[in-house]
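S.K.: Next comes work-v4.txt, compact mmCIF, C-alpha atoms:
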# COMPACT_ATOMS: atom_id res chain seq x y z
CA MET A 1 -12.70 18.10 -14.65
CA PHE A 2 -11.48 14.52 -14.87
CA ALA A 3 -8.35 13.53 -13.08
CA SER A 4 -5.54 11.91 -15.03
CA GLY A 5 -4.67 8.30 -14.21
CA THR A 6 -4.55 4.74 -15.49
CA PHE A 7 -7.08 1.92 -15.71
CA GLY A 8 -5.94 -1.46 -16.96
CA ASN A 9 -3.98 -0.97 -20.18
CA SER A 10 -5.71 2.33 -21.12
CA THR A 11 -4.89 5.89 -20.06
CA THR A 12 -7.71 8.09 -18.72
CA ALA A 13 -6.93 11.57 -20.04
CA SER A 14 -8.10 15.02 -19.02
CA ALA A 15 -11.43 16.37 -20.27
CA ASN A 16 -11.90 16.89 -24.02
CA GLN A 17 -8.95 14.60 -24.88
CA ILE A 18 -9.81 11.34 -26.70
CA THR A 19 -7.38 8.43 -26.65
CA THR A 20 -7.41 5.10 -28.47
CA PRO A 21 -6.15 2.06 -26.56
CA ALA A 22 -3.08 0.45 -28.07
CA PRO A 23 -3.85 -2.77 -29.95
CA ALA A 24 -3.32 -5.90 -27.89
CA SER A 25 -0.15 -7.82 -28.57
CA PRO A 26 -0.59 -11.40 -29.81
CA ALA A 27 -0.46 -13.97 -27.05
CA PHE A 28 2.21 -15.94 -28.88
CA THR A 29 3.88 -16.48 -32.22
CA VAL A 30 4.58 -19.64 -34.21
CA ASN A 31 7.91 -19.67 -36.00
CA GLY A 32 7.96 -15.88 -35.76
CA SER A 33 4.41 -15.26 -37.08
CA PRO A 34 1.77 -13.73 -34.76
CA ILE A 35 -1.17 -16.03 -34.04
CA THR A 36 -4.73 -14.97 -33.27
CA GLY A 37 -7.63 -17.37 -33.13
CA SER A 38 -7.58 -20.93 -34.47
CA VAL A 39 -4.98 -21.56 -37.19
CA SER A 40 -4.33 -24.82 -39.04
CA TYR A 41 -1.23 -26.07 -40.81
CA SER A 42 -1.16 -29.01 -43.22
CA TYR A 43 2.06 -30.76 -44.22
CA SER A 44 3.01 -33.53 -46.60
CA MET A 45 6.21 -34.65 -48.31
CA LEU A 46 5.83 -32.21 -51.22
CA THR A 47 8.55 -29.85 -50.04
CA SER A 48 10.10 -31.47 -46.99
CA GLY A 49 9.55 -34.21 -44.47
CA LEU A 50 10.70 -32.20 -41.44
CA TYR A 51 8.98 -29.22 -39.84
CA ALA A 52 9.95 -27.33 -36.69
CA PHE A 53 7.51 -25.48 -34.45
CA ASN A 54 8.75 -22.77 -32.13
CA PHE A 55 6.25 -20.98 -29.88
CA THR A 56 7.15 -17.67 -28.23
CA GLY A 57 5.20 -15.11 -26.26
CA SER A 58 3.27 -14.86 -23.03
CA GLN A 59 0.82 -17.71 -23.55
CA TRP A 60 1.26 -21.45 -23.94
CA ALA A 61 -0.50 -23.01 -26.91
CA THR A 62 -2.79 -26.01 -27.13
CA VAL A 63 -2.45 -27.87 -30.43
CA ARG A 64 -4.60 -30.59 -31.98
CA LEU A 65 -2.44 -33.06 -33.90
CA ARG A 66 -3.75 -35.29 -36.68
CA LEU A 67 -1.15 -37.64 -38.16
CA TYR A 68 -1.37 -40.01 -41.13
CA GLY A 69 1.31 -42.63 -41.71
CA ALA A 70 2.54 -43.27 -45.24
CA GLY A 71 1.41 -46.17 -47.41
CA GLY A 72 3.58 -49.14 -48.31
CA GLY A 73 5.01 -49.43 -51.81
CA HIS A 74 2.98 -50.93 -54.67
CA ALA A 75 0.09 -49.11 -56.34
CA LEU A 76 -2.31 -52.05 -55.89
CA TYR A 77 -0.97 -54.01 -52.95
CA GLY A 78 0.75 -51.53 -50.63
CA GLY A 79 -0.46 -51.52 -47.03
CA THR A 80 -2.23 -48.47 -45.61
CA GLY A 81 -0.68 -46.15 -43.06
CA GLY A 82 -2.26 -45.61 -39.67
CA TYR A 83 -4.08 -42.58 -38.29
CA VAL A 84 -3.76 -41.01 -34.85
CA GLU A 85 -5.15 -37.86 -33.29
CA GLY A 86 -4.49 -36.11 -30.00
CA VAL A 87 -4.09 -32.80 -28.20
CA ILE A 88 -0.82 -31.52 -26.82
CA THR A 89 -0.55 -28.62 -24.37
CA LEU A 90 2.90 -27.11 -24.62
CA SER A 91 3.10 -26.44 -20.91
CA SER A 92 3.10 -30.22 -20.42
CA ILE A 93 6.38 -30.65 -22.30
CA GLY A 94 8.31 -27.94 -20.48
CA SER A 95 9.33 -26.49 -23.82
CA ARG A 96 8.03 -24.22 -26.50
CA GLN A 97 9.34 -26.34 -29.35
CA PHE A 98 8.63 -29.61 -31.11
CA TRP A 99 9.20 -31.22 -34.51
CA VAL A 100 6.93 -32.96 -37.00
CA VAL A 101 8.38 -35.65 -39.28
CA VAL A 102 6.10 -36.67 -42.17
CA GLY A 103 6.50 -40.20 -43.53
CA GLY A 104 7.28 -40.91 -47.18
CA GLY A 105 5.52 -43.57 -49.23
CA GLY A 106 7.39 -46.81 -49.85
CA GLY A 107 9.03 -47.22 -53.22
CA ALA A 108 7.73 -49.72 -55.80
CA SER A 109 10.09 -51.07 -58.45
CA LEU A 110 10.02 -53.81 -61.05
CA LEU A 111 13.09 -55.78 -60.03
CA THR A 112 14.47 -58.19 -62.62
CA SER A 113 17.78 -59.51 -61.35
CA ASN A 114 19.01 -61.68 -58.46
CA ALA A 115 21.66 -59.27 -57.20
CA PRO A 116 19.88 -58.86 -54.65
CA LEU A 117 18.14 -55.62 -55.60
CA TYR A 118 16.38 -53.27 -53.22
CA THR A 119 13.38 -50.98 -53.42
CA LEU A 120 13.64 -47.89 -51.24
CA GLY A 121 11.77 -47.76 -47.97
CA GLY A 122 9.73 -44.68 -47.16
CA TYR A 123 11.24 -41.68 -45.35
CA ASN A 124 11.14 -42.06 -41.56
CA GLY A 125 11.65 -45.76 -40.98
CA GLY A 126 10.22 -47.71 -43.91
CA GLY A 127 12.07 -50.99 -44.60
CA ARG A 128 13.43 -51.79 -48.05
CA GLY A 129 11.80 -54.23 -50.42
CA VAL A 130 14.10 -56.99 -51.68
CA THR A 131 14.28 -59.45 -54.56
CA ASN A 132 16.66 -62.34 -55.16
CA SER A 133 14.92 -63.71 -58.23
CA SER A 134 15.71 -63.31 -61.91
CA THR A 135 11.98 -63.56 -62.67
CA PRO A 136 10.52 -60.03 -62.99
CA GLY A 137 8.29 -58.87 -60.17
CA TYR A 138 7.22 -55.72 -58.32
CA THR A 139 8.50 -55.31 -54.79
CA GLY A 140 7.42 -52.50 -52.45
CA GLY A 141 9.27 -50.81 -49.62
CA GLY A 142 7.51 -50.11 -46.34
CA GLY A 143 5.88 -46.74 -45.74
CA GLY A 144 7.42 -44.27 -43.31
CA ALA A 145 5.81 -43.20 -40.04
CA THR A 146 4.59 -39.67 -39.31
CA ASP A 147 5.48 -38.51 -35.82
CA VAL A 148 5.75 -35.59 -33.40
CA ARG A 149 8.97 -35.52 -31.39
CA LEU A 150 10.39 -33.28 -28.70
CA VAL A 151 14.06 -33.76 -29.70
CA TYR A 152 15.53 -33.79 -33.18
CA THR A 153 19.09 -34.83 -34.02
CA SER A 154 18.42 -36.84 -37.19
CA VAL A 155 15.39 -38.50 -38.73
CA THR A 156 16.52 -41.98 -37.70
CA ASP A 157 17.71 -41.16 -34.18
CA TYR A 158 14.64 -42.68 -32.55
CA ALA A 159 16.42 -43.37 -29.27
CA SER A 160 16.82 -39.63 -28.56
CA ALA A 161 13.71 -38.33 -30.32
CA GLN A 162 11.22 -38.49 -27.42
CA ARG A 163 8.36 -39.18 -29.83
CA VAL A 164 5.00 -38.40 -28.22
CA LEU A 165 2.61 -39.30 -31.08
CA VAL A 166 3.23 -41.72 -33.98
CA ALA A 167 1.18 -42.90 -36.95
CA GLY A 168 2.78 -46.05 -38.35
CA GLY A 169 3.52 -46.76 -42.01
CA GLY A 170 2.00 -49.57 -44.08
CA GLY A 171 3.89 -52.64 -45.27
CA GLY A 172 5.18 -52.99 -48.82
CA GLY A 173 3.31 -55.28 -51.21
CA THR A 174 4.63 -57.61 -53.90
CA SER A 175 3.41 -59.07 -57.18
CA ASN A 176 4.76 -61.23 -60.00
CA GLY A 177 1.68 -62.43 -61.79
CA SER A 178 0.34 -65.38 -59.82
CA ALA A 179 1.99 -64.50 -56.48
CA ASP A 180 0.49 -61.26 -55.18
CA ALA A 181 0.66 -60.20 -51.55
CA ILE A 182 -0.94 -57.16 -49.89
CA GLY A 183 1.11 -55.24 -47.36
CA GLY A 184 -0.16 -55.01 -43.80
CA ALA A 185 -1.84 -51.90 -42.41
CA ALA A 186 -0.39 -49.93 -39.51
CA GLY A 187 -2.24 -49.93 -36.21
CA TYR A 188 -2.57 -49.37 -32.47
CA PRO A 189 -1.65 -50.96 -30.16
CA SER A 190 -0.38 -53.60 -32.58
CA ALA A 191 -0.34 -53.60 -36.36
CA PRO A 192 -2.16 -56.59 -37.86
CA ASN A 193 -0.11 -59.62 -38.84
CA VAL A 194 0.11 -60.37 -42.55
CA ALA A 195 -0.84 -63.89 -43.64
CA ASN A 196 0.23 -64.70 -47.19
CA VAL A 197 -1.26 -68.06 -48.04
CA SER A 198 1.39 -70.66 -48.98
CA TYR A 199 4.22 -68.19 -48.41
CA GLY A 200 4.30 -67.58 -44.67
CA GLY A 201 3.62 -64.28 -42.97
CA ALA A 202 4.94 -61.14 -41.38
CA ASP A 203 4.31 -59.68 -37.93
CA GLY A 204 3.23 -56.12 -37.26
CA GLY A 205 4.97 -53.82 -34.82
CA THR A 206 3.62 -53.63 -31.27
CA GLN A 207 4.03 -51.27 -28.31
CA SER A 208 7.11 -53.15 -27.13
CA ALA A 209 8.74 -54.92 -30.11
CA GLY A 210 9.34 -54.79 -33.83
CA GLY A 211 7.64 -57.37 -36.00
CA ALA A 212 9.43 -60.49 -37.17
CA LEU A 213 11.33 -60.48 -39.48
CA ASN A 214 13.82 -57.68 -38.57
CA GLY A 215 11.42 -54.95 -37.46
CA GLY A 216 12.97 -52.61 -34.91
CA PHE A 217 12.35 -49.53 -32.79
CA GLY A 218 11.17 -46.99 -35.36
CA THR A 219 12.19 -49.05 -38.40
CA GLY A 220 10.55 -51.61 -40.64
CA GLY A 221 12.25 -54.89 -41.45
CA GLU A 222 13.68 -56.31 -44.67
CA ASN A 223 14.56 -59.83 -45.75
CA ALA A 224 17.74 -60.11 -47.80
CA ASN A 225 17.91 -63.89 -47.46
CA ASN A 226 15.02 -64.92 -49.69
CA THR A 227 14.68 -66.48 -53.11
CA GLY A 228 11.84 -64.37 -54.47
CA TRP A 229 10.28 -61.04 -53.62
CA ASN A 230 9.73 -59.56 -50.18
CA GLY A 231 8.04 -56.29 -49.27
CA GLY A 232 9.55 -54.11 -46.55
CA GLY A 233 7.95 -53.49 -43.16
CA GLY A 234 6.42 -50.11 -42.35
CA GLY A 235 8.01 -47.69 -39.90
CA GLY A 236 6.26 -46.83 -36.64
CA TRP A 237 6.70 -46.71 -32.89
CA TYR A 238 8.02 -50.18 -33.58
CA GLY A 239 8.36 -51.16 -37.23
CA GLY A 240 6.61 -54.03 -38.97
CA GLY A 241 8.49 -57.15 -40.03
CA ALA A 242 9.34 -58.39 -43.50
CA CYS A 243 7.92 -61.69 -44.71
CA LYS A 244 9.95 -64.63 -43.46
CA VAL A 245 9.94 -66.48 -46.80
CA GLN A 246 9.70 -65.63 -50.49
CA HIS A 247 6.85 -63.81 -52.26
CA GLY A 248 5.63 -62.15 -49.06
CA ALA A 249 4.48 -58.65 -48.19
CA GLY A 250 5.72 -56.60 -45.27
CA ALA A 251 3.68 -55.84 -42.15
CA GLY A 252 2.75 -52.39 -40.87
CA GLY A 253 4.30 -50.48 -37.99
CA SER A 254 2.52 -49.66 -34.74
CA ASN A 255 0.87 -46.39 -33.79
CA TYR A 256 1.70 -44.81 -30.43
CA TYR A 257 0.90 -42.01 -28.01
CA ASN A 258 2.47 -40.86 -24.77
CA ALA A 259 -0.32 -40.22 -22.25
CA SER A 260 1.89 -37.86 -20.23
CA TYR A 261 1.76 -35.34 -23.09
CA ILE A 262 -1.14 -36.31 -25.35
CA SER A 263 -4.82 -36.10 -24.35
CA SER A 264 -8.02 -36.88 -26.30
CA PHE A 265 -6.21 -39.66 -28.13
CA SER A 266 -8.00 -41.55 -30.92
CA TYR A 267 -6.78 -43.83 -33.69
CA THR A 268 -7.61 -46.11 -36.59
CA SER A 269 -6.27 -49.57 -35.86
CA SER A 270 -6.81 -51.22 -39.23
CA GLY A 271 -5.40 -48.56 -41.54
CA GLY A 272 -7.31 -45.82 -43.28
CA GLY A 273 -4.76 -43.04 -42.98
CA SER A 274 -3.10 -42.33 -46.28
CA GLY A 275 -3.66 -44.58 -49.28
CA ALA A 276 -1.22 -47.23 -50.43
CA GLN A 277 2.10 -45.88 -51.74
CA SER A 278 1.24 -42.27 -50.86
CA SER A 279 3.09 -40.07 -48.42
CA GLY A 280 1.89 -39.31 -44.93
CA GLN A 281 0.36 -36.08 -43.75
CA ALA A 282 0.25 -33.95 -40.61
CA ILE A 283 -2.49 -31.45 -39.78
CA LEU A 284 -1.88 -29.17 -36.80
CA THR A 285 -4.53 -26.83 -35.45
CA ILE A 286 -3.49 -24.13 -32.96
CA MET A 287 -6.44 -24.06 -30.59
CA SER A 288 -5.44 -21.35 -28.11
Is it possible to express this structure as structure tokens?
M.R.:
Amino acid sequence: MFASGTFGNSTTASANQITTPAPASPAFTVNGSPITGSVSYSYSMLTSGLYAFNFTGSQWATVRLRLYGAGGGHALYGGTGGYVEGVITLSSIGSRQFWVVVGGGGGASLLTSNAPLYTLGGYNGGGRGVTNSSTPGYTGGGGGATDVRLVYTSVTDYASAQRVLVAGGGGGGTSNGSADAIGGAAGYPSAPNVANVSYGGADGGTQSAGGALNGGFGTGGENANNTGWNGGGGGGWYGGGACKVQHGAGAGGSNYYNASYISSFSYTSSGGGSGAQSSGQAILTIMS
């Protein structure tokens, strides 16, 4: 005769009685879905640029983040977004929630009037492209950054966002036949400067300042006071600047990581994330 009792999560029954242990509950859920093993999520701008992650359950998750910034506007001359990668352990943020904002590619329009006219900057910080010339030419907006943030109030509320990982957007390019300028790539710790021969340059975003002209915290610059075509700066930790004179491309924004939350950080400093004028991307892998 076997005595009745308990052992771990199973019940030891009397002789001749067979019991099946109850299936283990998942350690946690993501946005209400149970998670077991390694699961990956891939996001672009196809349906939305904003994604929320809520983790519940008994176990904290470790997540590998791979972020690609968006390309600057212009099919041939748009700058390339940056790439960053890192691991976040949710216990380090004191929360079970974060947000992913995927950058949109900079616009590229044939502008033909000296209004001035503007080409849209990419979602999440890309600066607008501008023309003040009646001569037709293509002008690209800056690409938007892709980031992970702990607080979300609005896409452009960078002051409150507590961004912990950022892949900057590329600068917008320009062309009008003989005057073509390639937008700058995003990078870490500073996006490369853009040197447009005979037309001046634009400065990339850094870890502490936006690029000249008019780059800011999170946002790429634009130049409304020009006489030709100017590409917009890419978004980023700090945004890239617009070209200071006519016919110039915009610079890229800076990449960023917060070492208090992100480990195993790596990056591409000279671009190579998403291609020119394409949207950014975020790939998240739930590791445990």
S.K.: Counting only C-alpha atoms, which residue out of A:Leu65, A:Leu76, A:Leu213, A:Ala202 sits closest to Gly173 in chain A?
M.R.: A:Leu76
S.K.: Can you write out as a Markdown table which residues of range 228-288 of chain A fall within 10 Å of range 182-192 of chain A, alongside each residue's closest atom pair and its distance in Å to one decimal, counting only C-alpha atoms and ordering rows by chain and ascending residue number?
M.R.:
| residue | atom | partner | partner_atom | distance |
| --- | --- | --- | --- | --- |
| A:Gly231 | CA | A:Gly183 | CA | 7.3 |
| A:Gly232 | CA | A:Gly183 | CA | 8.6 |
| A:Gly233 | CA | A:Gly183 | CA | 8.2 |
| A:Gly234 | CA | A:Ala186 | CA | 7.4 |
| A:Gly235 | CA | A:Ala186 | CA | 8.7 |
| A:Gly236 | CA | A:Ala186 | CA | 7.9 |
| A:Trp237 | CA | A:Tyr188 | CA | 9.7 |
| A:Tyr238 | CA | A:Ser190 | CA | 9.1 |
| A:Gly239 | CA | A:Ala191 | CA | 9.1 |
| A:Gly240 | CA | A:Ala191 | CA | 7.4 |
| A:Gly241 | CA | A:Gly184 | CA | 9.7 |
| A:Ala242 | CA | A:Gly183 | CA | 9.6 |
| A:Cys243 | CA | A:Gly183 | CA | 9.7 |
| A:Gly248 | CA | A:Ile182 | CA | 8.3 |
| A:Ala249 | CA | A:Gly183 | CA | 4.9 |
| A:Gly250 | CA | A:Gly183 | CA | 5.2 |
| A:Ala251 | CA | A:Gly184 | CA | 4.3 |
| A:Gly252 | CA | A:Ala186 | CA | 4.2 |
| A:Gly253 | CA | A:Ala186 | CA | 5.0 |
| A:Ser254 | CA | A:Gly187 | CA | 5.0 |
| A:Asn255 | CA | A:Tyr188 | CA | 4.7 |
| A:Tyr256 | CA | A:Tyr188 | CA | 6.6 |
| A:Tyr257 | CA | A:Tyr188 | CA | 9.3 |
| A:Ser266 | CA | A:Tyr188 | CA | 9.6 |
| A:Tyr267 | CA | A:Tyr188 | CA | 7.1 |
| A:Thr268 | CA | A:Gly187 | CA | 6.6 |
| A:Ser269 | CA | A:Gly187 | CA | 4.1 |
| A:Ser270 | CA | A:Gly187 | CA | 5.6 |
| A:Gly271 | CA | A:Ala185 | CA | 5.0 |
| A:Gly272 | CA | A:Ala185 | CA | 8.2 |
| A:Gly273 | CA | A:Ala186 | CA | 8.9 |
| A:Ala276 | CA | A:Gly183 | CA | 8.9 |
S.K.: In the coordinates of the file, take the point (16.9, -58.2, -46.8) and a cut-off of 8 Å; then, counting all atoms listed in the file, name each qualifying protein, DNA or RNA residue as a list in words.
M.R.: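 Using all atoms listed in the file, the matching residues come out as Arg128, Gly129, Val130, Gly221, Glu222, Asn223, Ala224, Asn225 and Asn226 of chain A.
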S.K.: Between CA of Ser95 in chain A and CA of Leu150 in chain A, what is the distance, to one decimal in Å?
M.R.: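 Those two atoms sit 8.4 Å apart.
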S.K.: Pick the closest to Gly71 in chain A from A:Thr135, A:Ala145, A:Leu110, A:Phe55: which is it, counting only C-alpha atoms?
M.R.: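 Among A:Thr135, A:Ala145, A:Leu110, A:Phe55, it is A:Ala145 that comes nearest to Gly71 in chain A.
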S.K.: One decimal, in Å: what's the spacing between CA of Gly81 in chain A and CA of Asn54 in chain A?
M.R.: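 So the two atoms, CA of Gly81 in chain A and CA of Asn54 in chain A, lie 27.5 Å apart.
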S.K.: Pick from A:Thr139, A:Thr227, A:Ser92, A:Thr174: nearest to Asn114 in chain A, with all atoms listed in the file counted?
M.R.: A:Thr227
S.K.: When distances are computed from only C-alpha atoms, which of A:Val148, A:Ala209, A:Leu120, A:Val39 shows the smallest separation from Val164 in chain A?
M.R.: A:Val148
S.K.: Determine the nearest neighbour of Ser40 in chain A from the options A:Gly144, A:Asp157, A:Ala282, A:Gly228, counting only C-alpha atoms.
M.R.: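 Among the listed residues, A:Ala282 lies closest to Ser40 in chain A.
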S.K.: Can you tell me how far CA of Gly201 in chain A sits from CA of Leu67 in chain A, in Å to one decimal?
M.R.: 27.5 Å
S.K.: Considering only C-alpha atoms, state which residue in the set A:Ser279, A:Ser134, A:Thr56, A:Thr112 is at the smallest distance from Leu90 in chain A.
M.R.: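 Distance minimum relative to Leu90 in chain A lands on A:Thr56.
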S.K.: Please provide the set of residues having any atom within 9 Å of Thr285 in chain A, restricted to all atoms listed in the file, with same-chain residues fewer than 6 positions apart removed, written as number ranges by chain.
M.R.: A: 38-42, 62-66
S.K.: Excluding same-chain residues fewer than 5 positions from Tyr261 in chain A, what lies within 10 Å of it counting only C-alpha atoms, as a PDB file with C-alpha atoms, in the coordinates of the input?
M.R.:
ATOM      1  CA  GLY A  86      -4.490 -36.110 -30.000  1.00  0.00           C
ATOM      2  CA  VAL A  87      -4.090 -32.800 -28.200  1.00  0.00           C
ATOM      3  CA  ILE A  88      -0.820 -31.520 -26.820  1.00  0.00           C
ATOM      4  CA  THR A  89      -0.550 -28.620 -24.370  1.00  0.00           C
ATOM      5  CA  LEU A  90       2.900 -27.110 -24.620  1.00  0.00           C
ATOM      6  CA  SER A  91       3.100 -26.440 -20.910  1.00  0.00           C
ATOM      7  CA  SER A  92       3.100 -30.220 -20.420  1.00  0.00           C
ATOM      8  CA  ILE A  93       6.380 -30.650 -22.300  1.00  0.00           C
ATOM      9  CA  VAL A 164       5.000 -38.400 -28.220  1.00  0.00           C
ATOM     10  CA  LEU A 165       2.610 -39.300 -31.080  1.00  0.00           C
TER      11      LEU A 165
END
S.K.: Give me, as a compact mmCIF listing (two decimals) with C-alpha atoms, in the coordinates of the input, all polymer residues having an atom no more than 12 Å from Ile35 in chain A, counting all atoms listed in the file and skipping those fewer than 3 positions away in the same chain.
M.R.:
# COMPACT_ATOMS: atom_id res chain seq x y z
CA SER A 25 -0.15 -7.82 -28.57
CA PRO A 26 -0.59 -11.40 -29.81
CA ALA A 27 -0.46 -13.97 -27.05
CA PHE A 28 2.21 -15.94 -28.88
CA THR A 29 3.88 -16.48 -32.22
CA VAL A 30 4.58 -19.64 -34.21
CA ASN A 31 7.91 -19.67 -36.00
CA GLY A 32 7.96 -15.88 -35.76
CA SER A 38 -7.58 -20.93 -34.47
CA VAL A 39 -4.98 -21.56 -37.19
CA SER A 40 -4.33 -24.82 -39.04
CA PHE A 55 6.25 -20.98 -29.88
CA THR A 56 7.15 -17.67 -28.23
CA GLY A 57 5.20 -15.11 -26.26
CA SER A 58 3.27 -14.86 -23.03
CA GLN A 59 0.82 -17.71 -23.55
CA TRP A 60 1.26 -21.45 -23.94
CA ALA A 61 -0.50 -23.01 -26.91
CA THR A 285 -4.53 -26.83 -35.45
CA ILE A 286 -3.49 -24.13 -32.96
CA MET A 287 -6.44 -24.06 -30.59
CA SER A 288 -5.44 -21.35 -28.11
S.K.: Would you mind completing range 223-239 of chain A so that it carries N, CA and C atoms, and writing it out as an mmCIF file, keeping the file's coordinate frame?
M.R.:
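Contents of the output file result.cif:
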data_model
loop_
_atom_site.group_PDB
_atom_site.id
_atom_site.type_symbol
_atom_site.label_atom_id
_atom_site.label_comp_id
_atom_site.auth_asym_id
_atom_site.auth_seq_id
_atom_site.Cartn_x
_atom_site.Cartn_y
_atom_site.Cartn_z
ATOM 1 N N ASN A 223 14.103 -58.443 -45.699
ATOM 2 C CA ASN A 223 14.560 -59.830 -45.750
ATOM 3 C C ASN A 223 15.473 -60.001 -46.957
ATOM 4 N N ALA A 224 16.772 -59.957 -46.708
ATOM 5 C CA ALA A 224 17.740 -60.110 -47.800
ATOM 6 C C ALA A 224 18.001 -61.564 -48.134
ATOM 7 N N ASN A 225 17.595 -62.477 -47.268
ATOM 8 C CA ASN A 225 17.910 -63.890 -47.460
ATOM 9 C C ASN A 225 16.699 -64.656 -47.972
ATOM 10 N N ASN A 226 16.172 -64.242 -49.112
ATOM 11 C CA ASN A 226 15.020 -64.920 -49.690
ATOM 12 C C ASN A 226 15.323 -65.283 -51.132
ATOM 13 N N THR A 227 14.464 -66.053 -51.730
ATOM 14 C CA THR A 227 14.680 -66.480 -53.110
ATOM 15 C C THR A 227 13.660 -65.902 -54.068
ATOM 16 N N GLY A 228 12.845 -64.973 -53.601
ATOM 17 C CA GLY A 228 11.840 -64.370 -54.470
ATOM 18 C C GLY A 228 11.720 -62.888 -54.235
ATOM 19 N N TRP A 229 10.545 -62.455 -53.815
ATOM 20 C CA TRP A 229 10.280 -61.040 -53.620
ATOM 21 C C TRP A 229 9.719 -60.845 -52.217
ATOM 22 N N ASN A 230 10.189 -59.836 -51.536
ATOM 23 C CA ASN A 230 9.730 -59.560 -50.180
ATOM 24 C C ASN A 230 9.522 -58.067 -49.966
ATOM 25 N N GLY A 231 8.308 -57.680 -49.588
ATOM 26 C CA GLY A 231 8.040 -56.290 -49.270
ATOM 27 C C GLY A 231 8.650 -55.890 -47.939
ATOM 28 N N GLY A 232 8.981 -54.615 -47.795
ATOM 29 C CA GLY A 232 9.550 -54.110 -46.550
ATOM 30 C C GLY A 232 8.484 -53.806 -45.519
ATOM 31 N N GLY A 233 8.861 -53.852 -44.243
ATOM 32 C CA GLY A 233 7.950 -53.490 -43.160
ATOM 33 C C GLY A 233 7.808 -51.982 -43.026
ATOM 34 N N GLY A 234 6.650 -51.540 -42.550
ATOM 35 C CA GLY A 234 6.420 -50.110 -42.350
ATOM 36 C C GLY A 234 7.084 -49.598 -41.086
ATOM 37 N N GLY A 235 7.479 -48.328 -41.108
ATOM 38 C CA GLY A 235 8.010 -47.690 -39.900
ATOM 39 C C GLY A 235 6.900 -47.447 -38.897
ATOM 40 N N GLY A 236 7.263 -47.088 -37.668
ATOM 41 C CA GLY A 236 6.260 -46.830 -36.640
ATOM 42 C C GLY A 236 6.910 -46.645 -35.293
ATOM 43 N N TRP A 237 6.098 -46.688 -34.224
ATOM 44 C CA TRP A 237 6.700 -46.710 -32.890
ATOM 45 C C TRP A 237 7.680 -47.881 -32.858
ATOM 46 N N TYR A 238 7.171 -49.068 -33.174
ATOM 47 C CA TYR A 238 8.020 -50.180 -33.580
ATOM 48 C C TYR A 238 7.615 -50.562 -34.999
ATOM 49 N N GLY A 239 8.619 -50.870 -35.832
ATOM 50 C CA GLY A 239 8.360 -51.160 -37.230
ATOM 51 C C GLY A 239 7.819 -52.561 -37.456
#
